[in-house]
>>> print(open('my_file.txt').read())   # compact mmCIF, N, CA and C atoms
# COMPACT_ATOMS: atom_id res chain seq x y z
N MET U 1 126.22 355.58 58.86
CA MET U 1 125.76 354.21 58.65
C MET U 1 125.16 354.11 57.27
N SER U 2 125.63 353.15 56.57
CA SER U 2 125.08 353.01 55.22
C SER U 2 124.27 351.73 55.15
N THR U 3 123.17 351.85 54.50
CA THR U 3 122.37 350.66 54.27
C THR U 3 122.80 350.04 52.97
N ASN U 4 122.37 348.88 52.73
CA ASN U 4 122.76 348.16 51.52
C ASN U 4 122.04 348.75 50.31
N THR U 5 122.66 349.73 49.68
CA THR U 5 122.07 350.33 48.49
C THR U 5 122.71 349.73 47.26
N GLU U 6 122.01 349.84 46.19
CA GLU U 6 122.53 349.27 44.95
C GLU U 6 123.43 350.26 44.25
N THR U 7 124.68 350.30 44.69
CA THR U 7 125.64 351.16 44.02
C THR U 7 126.46 350.37 43.01
N LYS U 8 126.41 349.06 43.10
CA LYS U 8 127.11 348.21 42.13
C LYS U 8 126.35 348.25 40.82
N THR U 9 127.09 348.09 39.75
CA THR U 9 126.40 347.98 38.46
C THR U 9 125.77 346.61 38.38
N SER U 10 124.51 346.58 38.11
CA SER U 10 123.83 345.29 38.04
C SER U 10 124.10 344.62 36.70
N GLN U 11 124.28 343.35 36.75
CA GLN U 11 124.54 342.56 35.55
C GLN U 11 123.22 342.10 34.97
N PRO U 12 123.10 342.12 33.66
CA PRO U 12 121.84 341.61 33.08
C PRO U 12 121.70 340.12 33.35
N GLU U 13 120.48 339.70 33.48
CA GLU U 13 120.23 338.28 33.71
C GLU U 13 120.67 337.48 32.50
N ARG U 14 121.13 336.29 32.75
CA ARG U 14 121.55 335.39 31.68
C ARG U 14 120.31 334.95 30.91
N SER U 15 120.40 335.03 29.60
CA SER U 15 119.24 334.63 28.80
C SER U 15 119.07 333.11 28.84
N ARG U 16 117.84 332.70 28.76
CA ARG U 16 117.53 331.28 28.77
C ARG U 16 117.32 330.79 27.35
N ALA U 17 117.57 329.53 27.16
CA ALA U 17 117.35 328.93 25.84
C ALA U 17 115.86 328.94 25.53
N VAL U 18 115.56 329.26 24.30
CA VAL U 18 114.16 329.29 23.87
C VAL U 18 113.69 327.90 23.47
N PHE U 19 114.57 327.17 22.81
CA PHE U 19 114.23 325.83 22.34
C PHE U 19 115.09 324.79 23.04
N SER U 20 114.52 323.62 23.27
CA SER U 20 115.29 322.50 23.82
C SER U 20 115.88 321.71 22.66
N ASN U 21 116.77 320.78 22.99
CA ASN U 21 117.34 319.92 21.94
C ASN U 21 116.25 319.12 21.24
N GLN U 22 115.23 318.69 21.98
CA GLN U 22 114.12 317.96 21.38
C GLN U 22 113.36 318.84 20.39
N ASP U 23 113.22 320.12 20.72
CA ASP U 23 112.55 321.06 19.81
C ASP U 23 113.31 321.17 18.51
N PHE U 24 114.64 321.28 18.60
CA PHE U 24 115.44 321.39 17.38
C PHE U 24 115.28 320.16 16.50
N GLU U 25 115.21 319.00 17.13
CA GLU U 25 115.02 317.77 16.34
C GLU U 25 113.66 317.77 15.65
N LEU U 26 112.62 318.22 16.35
CA LEU U 26 111.29 318.30 15.74
C LEU U 26 111.27 319.30 14.57
N ILE U 27 111.92 320.43 14.77
CA ILE U 27 111.99 321.44 13.71
C ILE U 27 112.74 320.89 12.51
N ARG U 28 113.81 320.16 12.79
CA ARG U 28 114.61 319.59 11.70
C ARG U 28 113.79 318.58 10.88
N VAL U 29 113.00 317.76 11.57
CA VAL U 29 112.15 316.79 10.88
C VAL U 29 111.10 317.52 10.04
N ALA U 30 110.52 318.58 10.60
CA ALA U 30 109.50 319.34 9.87
C ALA U 30 110.10 320.00 8.63
N ILE U 31 111.30 320.54 8.75
CA ILE U 31 111.95 321.17 7.60
C ILE U 31 112.27 320.12 6.55
N SER U 32 112.72 318.95 6.99
CA SER U 32 113.02 317.87 6.05
C SER U 32 111.78 317.48 5.25
N HIS U 33 110.66 317.37 5.93
CA HIS U 33 109.41 317.04 5.25
C HIS U 33 109.02 318.15 4.27
N TYR U 34 109.13 319.39 4.71
CA TYR U 34 108.78 320.52 3.85
C TYR U 34 109.70 320.59 2.63
N LEU U 35 110.96 320.24 2.81
CA LEU U 35 111.90 320.23 1.68
C LEU U 35 111.45 319.28 0.58
N GLN U 36 110.86 318.14 0.97
CA GLN U 36 110.35 317.20 -0.03
C GLN U 36 109.21 317.81 -0.84
N GLU U 37 108.43 318.67 -0.19
CA GLU U 37 107.30 319.31 -0.86
C GLU U 37 107.73 320.40 -1.84
N ILE U 38 108.82 321.09 -1.53
CA ILE U 38 109.22 322.25 -2.34
C ILE U 38 110.54 322.04 -3.08
N LYS U 39 110.97 320.80 -3.23
CA LYS U 39 112.31 320.53 -3.75
C LYS U 39 112.58 321.12 -5.13
N GLU U 40 111.58 321.40 -5.90
CA GLU U 40 111.76 321.98 -7.24
C GLU U 40 111.73 323.50 -7.24
N GLN U 41 111.43 324.11 -6.12
CA GLN U 41 111.31 325.57 -6.06
C GLN U 41 112.63 326.20 -5.64
N PRO U 42 112.88 327.43 -6.10
CA PRO U 42 114.15 328.11 -5.78
C PRO U 42 114.38 328.30 -4.28
N GLU U 43 113.33 328.47 -3.49
CA GLU U 43 113.50 328.70 -2.06
C GLU U 43 113.96 327.45 -1.31
N ALA U 44 113.98 326.31 -1.97
CA ALA U 44 114.39 325.06 -1.33
C ALA U 44 115.84 325.15 -0.84
N VAL U 45 116.66 325.92 -1.51
CA VAL U 45 118.06 326.08 -1.11
C VAL U 45 118.14 326.71 0.28
N LYS U 46 117.31 327.69 0.54
CA LYS U 46 117.31 328.36 1.84
C LYS U 46 116.91 327.38 2.94
N TYR U 47 115.91 326.56 2.67
CA TYR U 47 115.46 325.59 3.67
C TYR U 47 116.48 324.47 3.86
N SER U 48 117.17 324.12 2.81
CA SER U 48 118.22 323.12 2.92
C SER U 48 119.35 323.63 3.80
N ASN U 49 119.73 324.88 3.61
CA ASN U 49 120.78 325.47 4.45
C ASN U 49 120.33 325.55 5.91
N LEU U 50 119.08 325.91 6.14
CA LEU U 50 118.53 325.96 7.48
C LEU U 50 118.55 324.58 8.13
N TYR U 51 118.19 323.57 7.37
CA TYR U 51 118.19 322.19 7.85
C TYR U 51 119.59 321.80 8.35
N HIS U 52 120.61 322.15 7.59
CA HIS U 52 121.97 321.80 7.97
C HIS U 52 122.46 322.62 9.15
N ARG U 53 122.09 323.89 9.24
CA ARG U 53 122.48 324.71 10.39
C ARG U 53 121.86 324.17 11.67
N ILE U 54 120.60 323.77 11.60
CA ILE U 54 119.94 323.23 12.79
C ILE U 54 120.61 321.91 13.21
N GLY U 55 121.06 321.15 12.24
CA GLY U 55 121.76 319.91 12.55
C GLY U 55 123.03 320.12 13.35
N ARG U 56 123.67 321.27 13.18
CA ARG U 56 124.88 321.57 13.94
C ARG U 56 124.56 321.96 15.37
N VAL U 57 123.35 322.40 15.63
CA VAL U 57 122.97 322.82 16.98
C VAL U 57 122.75 321.62 17.87
N VAL U 58 122.16 320.59 17.33
CA VAL U 58 121.76 319.43 18.14
C VAL U 58 122.95 318.58 18.46
>>> encode(input="my_file.txt", output="structure tokens")
Amino acid sequence: MSTNTETKTSQPERSRAVFSNQDFELIRVAISHYLQEIKEQPEAVKYSNLYHRIGRVV
């Protein structure tokens, strides 16, 4: 007689989303505002790219 033992390979749990769509919109607005503050600095390009990538998520 065998009891129900875990001989099957267990599947990892599905990961949950960390941010909601509303969160992405808030982050995008914050980045947009920050871009206005640093628009003359070299790092503005990185934030601009981030802004556009987040726009594709929403």
>>> closest_residue(input="my_file.txt", among="U:Ser15, U:Thr9, U:Gln22, U:Tyr34", to="U:Lys46", atoms="only C-alpha atoms")
U:Tyr34
>>> residues_around(input="my_file.txt", residues="U:Gln36", least_positions_apart="5", cutoff="12 Å", atoms="only C-alpha atoms", output="JSON list (two decimals) with N, CA and C atoms, keeping the file's coordinate frame")
[["chain", "number", "residue", "atom", "x", "y", "z"],
["U", 29, "VAL", "N", 113.00, 317.76, 11.57],
["U", 29, "VAL", "CA", 112.15, 316.79, 10.88],
["U", 29, "VAL", "C", 111.10, 317.52, 10.04],
["U", 30, "ALA", "N", 110.52, 318.58, 10.60],
["U", 30, "ALA", "CA", 109.50, 319.34, 9.87],
["U", 30, "ALA", "C", 110.10, 320.00, 8.63],
["U", 31, "ILE", "N", 111.30, 320.54, 8.75],
["U", 31, "ILE", "CA", 111.95, 321.17, 7.60],
["U", 31, "ILE", "C", 112.27, 320.12, 6.55],
["U", 41, "GLN", "N", 111.43, 324.11, -6.12],
["U", 41, "GLN", "CA", 111.31, 325.57, -6.06],
["U", 41, "GLN", "C", 112.63, 326.20, -5.64],
["U", 44, "ALA", "N", 113.98, 326.31, -1.97],
["U", 44, "ALA", "CA", 114.39, 325.06, -1.33],
["U", 44, "ALA", "C", 115.84, 325.15, -0.84],
["U", 45, "VAL", "N", 116.66, 325.92, -1.51],
["U", 45, "VAL", "CA", 118.06, 326.08, -1.11],
["U", 45, "VAL", "C", 118.14, 326.71, 0.28],
["U", 47, "TYR", "N", 115.91, 326.56, 2.67],
["U", 47, "TYR", "CA", 115.46, 325.59, 3.67],
["U", 47, "TYR", "C", 116.48, 324.47, 3.86],
["U", 48, "SER", "N", 117.17, 324.12, 2.81],
["U", 48, "SER", "CA", 118.22, 323.12, 2.92],
["U", 48, "SER", "C", 119.35, 323.63, 3.80]]
>>> residues_around(input="my_file.txt", residues="U:Asn21", least_positions_apart="4", cutoff="6.5 Å", atoms="all atoms listed in the file", output="PyMOL selection string")
chain U and resi 25-26+58
>>> atom_distance(input="my_file.txt", atom1="atom CA of U:Arg14", atom2="atom N of U:Arg28")
25.5 Å
>>> atom_distance(input="my_file.txt", atom1="atom C of U:Ile27", atom2="atom CA of U:Tyr51")
7.3 Å
>>> decode(input="my_file.txt", residues="stretch 7-29 of chain U", atoms="N, CA and C atoms", output="short mmCIF file (atom, residue, chain, number, x, y, z; two decimals), in the first residue's frame")
data_model
loop_
_atom_site.label_atom_id
_atom_site.label_comp_id
_atom_site.auth_asym_id
_atom_site.auth_seq_id
_atom_site.Cartn_x
_atom_site.Cartn_y
_atom_site.Cartn_z
N THR U 7 6.43 11.98 -5.15
CA THR U 7 7.44 11.46 -6.06
C THR U 7 7.47 12.25 -7.35
N LYS U 8 6.43 13.02 -7.60
CA LYS U 8 6.40 13.88 -8.79
C LYS U 8 7.35 15.04 -8.59
N THR U 9 7.89 15.51 -9.68
CA THR U 9 8.71 16.72 -9.57
C THR U 9 7.79 17.90 -9.38
N SER U 10 8.03 18.65 -8.35
CA SER U 10 7.16 19.79 -8.08
C SER U 10 7.54 20.96 -8.98
N GLN U 11 6.54 21.63 -9.45
CA GLN U 11 6.73 22.79 -10.31
C GLN U 11 6.86 24.03 -9.45
N PRO U 12 7.76 24.92 -9.82
CA PRO U 12 7.86 26.17 -9.04
C PRO U 12 6.57 26.98 -9.18
N GLU U 13 6.26 27.70 -8.14
CA GLU U 13 5.06 28.53 -8.18
C GLU U 13 5.24 29.63 -9.22
N ARG U 14 4.16 30.00 -9.83
CA ARG U 14 4.17 31.07 -10.82
C ARG U 14 4.44 32.39 -10.11
N SER U 15 5.36 33.15 -10.65
CA SER U 15 5.67 34.42 -10.00
C SER U 15 4.53 35.42 -10.21
N ARG U 16 4.37 36.26 -9.24
CA ARG U 16 3.31 37.27 -9.31
C ARG U 16 3.91 38.59 -9.77
N ALA U 17 3.08 39.39 -10.37
CA ALA U 17 3.52 40.71 -10.80
C ALA U 17 3.84 41.56 -9.58
N VAL U 18 4.92 42.30 -9.69
CA VAL U 18 5.32 43.17 -8.59
C VAL U 18 4.58 44.50 -8.66
N PHE U 19 4.41 44.99 -9.87
CA PHE U 19 3.76 46.28 -10.06
C PHE U 19 2.45 46.09 -10.83
N SER U 20 1.47 46.92 -10.52
CA SER U 20 0.22 46.91 -11.29
C SER U 20 0.36 47.91 -12.44
N ASN U 21 -0.62 47.89 -13.34
CA ASN U 21 -0.59 48.85 -14.45
C ASN U 21 -0.66 50.28 -13.93
N GLN U 22 -1.39 50.50 -12.85
CA GLN U 22 -1.46 51.84 -12.26
C GLN U 22 -0.10 52.27 -11.73
N ASP U 23 0.64 51.32 -11.16
CA ASP U 23 1.99 51.62 -10.67
C ASP U 23 2.89 52.06 -11.80
N PHE U 24 2.81 51.36 -12.93
CA PHE U 24 3.65 51.73 -14.08
C PHE U 24 3.33 53.14 -14.56
N GLU U 25 2.06 53.48 -14.55
CA GLU U 25 1.68 54.84 -14.97
C GLU U 25 2.23 55.88 -14.01
N LEU U 26 2.17 55.61 -12.70
CA LEU U 26 2.73 56.54 -11.72
C LEU U 26 4.25 56.68 -11.89
N ILE U 27 4.91 55.57 -12.12
CA ILE U 27 6.37 55.60 -12.32
C ILE U 27 6.70 56.39 -13.58
N ARG U 28 5.90 56.19 -14.61
CA ARG U 28 6.14 56.91 -15.88
C ARG U 28 5.99 58.42 -15.69
N VAL U 29 4.98 58.83 -14.93
CA VAL U 29 4.77 60.25 -14.66
C VAL U 29 5.94 60.81 -13.85
#
